[in-house]
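Undergrad: First the structure, which I've put down as structure tokens, then a few questions once you've had a look.
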Amino acid sequence: MVSIEVIMGNTYDHLILISITLFASIAISIPLAFASLYSRFIANFVIRFANLAQAVPSLAVIAIVVPLLGIGFTPALVAILLRALLPIIKNTYIGLSNIDPALVDYARGVGMSEWQIHRYIRLPNAYPAIFAGIKFAAILVNSVAILTAYIGSGGLGELIFEGLISFNNEKIFAGAIPAILIALIIDVGFTALEKHLMPFKYKNTD
């Protein structure tokens, strides 16, 4: 029988891995999306790289990382990060670039700085797309973190794979059930957070 302490410990490791990876992917993707607005070269490179990373199967990404970085927490983080970049970069870039050019020109005409244009025009209009990308990335990160147990990341995937190898249903359920619950919490939590953080212009439409 799998003890509660073991389940809690593996769940904690899993949450640490997906949290660090998600925040890192946000910190990398959003600045790249903003930079892409000012350079077609950067935009093409970033989107193509993200598309390539997304097109490669998750296990293949993990396998490629191992010869370069070895096994353990850090290689797992890199592998998950590569999978999480695309939805955030792509959604952020599309959301920021699909703003009416006349609106941006008007803002510049009345003396707004680039920062003010981003703060008051681009971000409020791009918010739904950006948040959708982050939500999808969070769900993806949770899923890929299970697979990285193959390379020693620990977490819930470790329990699942140990259970599969030994035909131990208790270990399989001990890893799978918390992973499913985390996925549900991510979905419900992000939906509630999106409504709570909705920009002012969307809150006051009455």
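By order in the structure tokens, chains are A, B, ...; within a chain, residues start at 1; ligands start at 1, following the order shown.
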I'd like the contact shell of segment 157-163 of chain A - 6 Å cut-off, only C-alpha atoms, skipping same-chain residues fewer than 6 positions apart - returned as a list in words.
TA: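 Counting only the stated atoms, we get Ile146, Ala149, Lys171, Ile172 and Gly175 of chain A.
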Undergrad: Neighbouring residues of segment 120-136 of chain A were defined as those with any atom within 10 Å, considering only C-alpha atoms; residues of the same chain fewer than 3 positions away were excluded. Please report them as a PDB file with C-alpha atoms, in the first residue's frame.
TA:
ATOM      1  CA  LEU A  22       4.979  27.471 -16.160  1.00  0.00           C
ATOM      2  CA  PHE A  23       6.352  30.692 -14.655  1.00  0.00           C
ATOM      3  CA  SER A  25       7.623  29.808 -19.889  1.00  0.00           C
ATOM      4  CA  ILE A  26       5.538  32.926 -19.187  1.00  0.00           C
ATOM      5  CA  SER A  29       7.296  33.864 -23.998  1.00  0.00           C
ATOM      6  CA  ILE A  30       5.615  37.202 -23.285  1.00  0.00           C
ATOM      7  CA  ALA A  84       4.964  25.050 -23.099  1.00  0.00           C
ATOM      8  CA  LEU A  85       6.418  27.932 -25.120  1.00  0.00           C
ATOM      9  CA  LEU A  86       4.242  27.727 -28.243  1.00  0.00           C
ATOM     10  CA  PRO A  87       0.745  28.350 -26.839  1.00  0.00           C
ATOM     11  CA  ILE A  88       1.878  31.378 -24.838  1.00  0.00           C
ATOM     12  CA  ILE A  89       4.093  32.906 -27.549  1.00  0.00           C
ATOM     13  CA  LYS A  90       1.606  32.326 -30.332  1.00  0.00           C
ATOM     14  CA  ASN A  91      -1.478  33.523 -28.455  1.00  0.00           C
ATOM     15  CA  THR A  92       0.323  36.561 -27.045  1.00  0.00           C
ATOM     16  CA  TYR A  93       1.748  37.578 -30.416  1.00  0.00           C
ATOM     17  CA  ILE A  94      -1.588  37.112 -32.192  1.00  0.00           C
ATOM     18  CA  GLY A  95      -3.451  38.990 -29.473  1.00  0.00           C
ATOM     19  CA  LEU A  96      -1.007  41.908 -29.470  1.00  0.00           C
ATOM     20  CA  SER A  97      -0.683  42.192 -33.239  1.00  0.00           C
ATOM     21  CA  ASN A  98      -4.408  41.940 -34.056  1.00  0.00           C
ATOM     22  CA  ILE A  99      -5.125  45.421 -32.749  1.00  0.00           C
ATOM     23  CA  ASP A 100      -6.697  47.962 -35.120  1.00  0.00           C
ATOM     24  CA  LEU A 103      -6.324  52.789 -32.764  1.00  0.00           C
ATOM     25  CA  VAL A 104      -2.571  52.551 -32.232  1.00  0.00           C
ATOM     26  CA  ALA A 107      -2.807  56.751 -29.406  1.00  0.00           C
ATOM     27  CA  MET A 112       1.015  58.187 -25.720  1.00  0.00           C
ATOM     28  CA  TRP A 115       4.630  51.703 -22.819  1.00  0.00           C
ATOM     29  CA  GLN A 116       1.274  53.465 -22.437  1.00  0.00           C
ATOM     30  CA  ILE A 117       0.065  51.979 -25.728  1.00  0.00           C
ATOM     31  CA  ILE A 139      -2.604  21.970 -18.696  1.00  0.00           C
ATOM     32  CA  LEU A 140       0.141  20.857 -21.103  1.00  0.00           C
ATOM     33  CA  VAL A 141       2.854  21.276 -18.467  1.00  0.00           C
ATOM     34  CA  ILE A 186      -5.982  24.092 -13.211  1.00  0.00           C
ATOM     35  CA  ASP A 187      -8.974  24.236 -15.532  1.00  0.00           C
ATOM     36  CA  GLY A 189      -8.934  27.749 -11.218  1.00  0.00           C
ATOM     37  CA  PHE A 190      -7.800  29.487 -14.391  1.00  0.00           C
ATOM     38  CA  THR A 191     -11.407  29.996 -15.504  1.00  0.00           C
ATOM     39  CA  LEU A 193      -9.003  33.683 -12.241  1.00  0.00           C
ATOM     40  CA  GLU A 194      -9.717  34.925 -15.749  1.00  0.00           C
ATOM     41  CA  LEU A 197      -8.706  39.548 -13.388  1.00  0.00           C
ATOM     42  CA  MET A 198     -10.788  40.658 -16.359  1.00  0.00           C
ATOM     43  CA  PRO A 199      -9.604  44.121 -17.422  1.00  0.00           C
ATOM     44  CA  PHE A 200     -11.619  47.139 -16.258  1.00  0.00           C
ATOM     45  CA  LYS A 201     -13.112  47.751 -19.700  1.00  0.00           C
ATOM     46  CA  TYR A 202     -14.708  44.291 -19.645  1.00  0.00           C
TER      47      TYR A 202
END
Undergrad: Would you mind telling me which residue in A:Leu37, A:Ala176, A:Met8, A:Val66 lies nearest to Asn142 of chain A when using only C-alpha atoms?
TA: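 That would be A:Ala176, the residue with the smallest distance to Asn142 of chain A.
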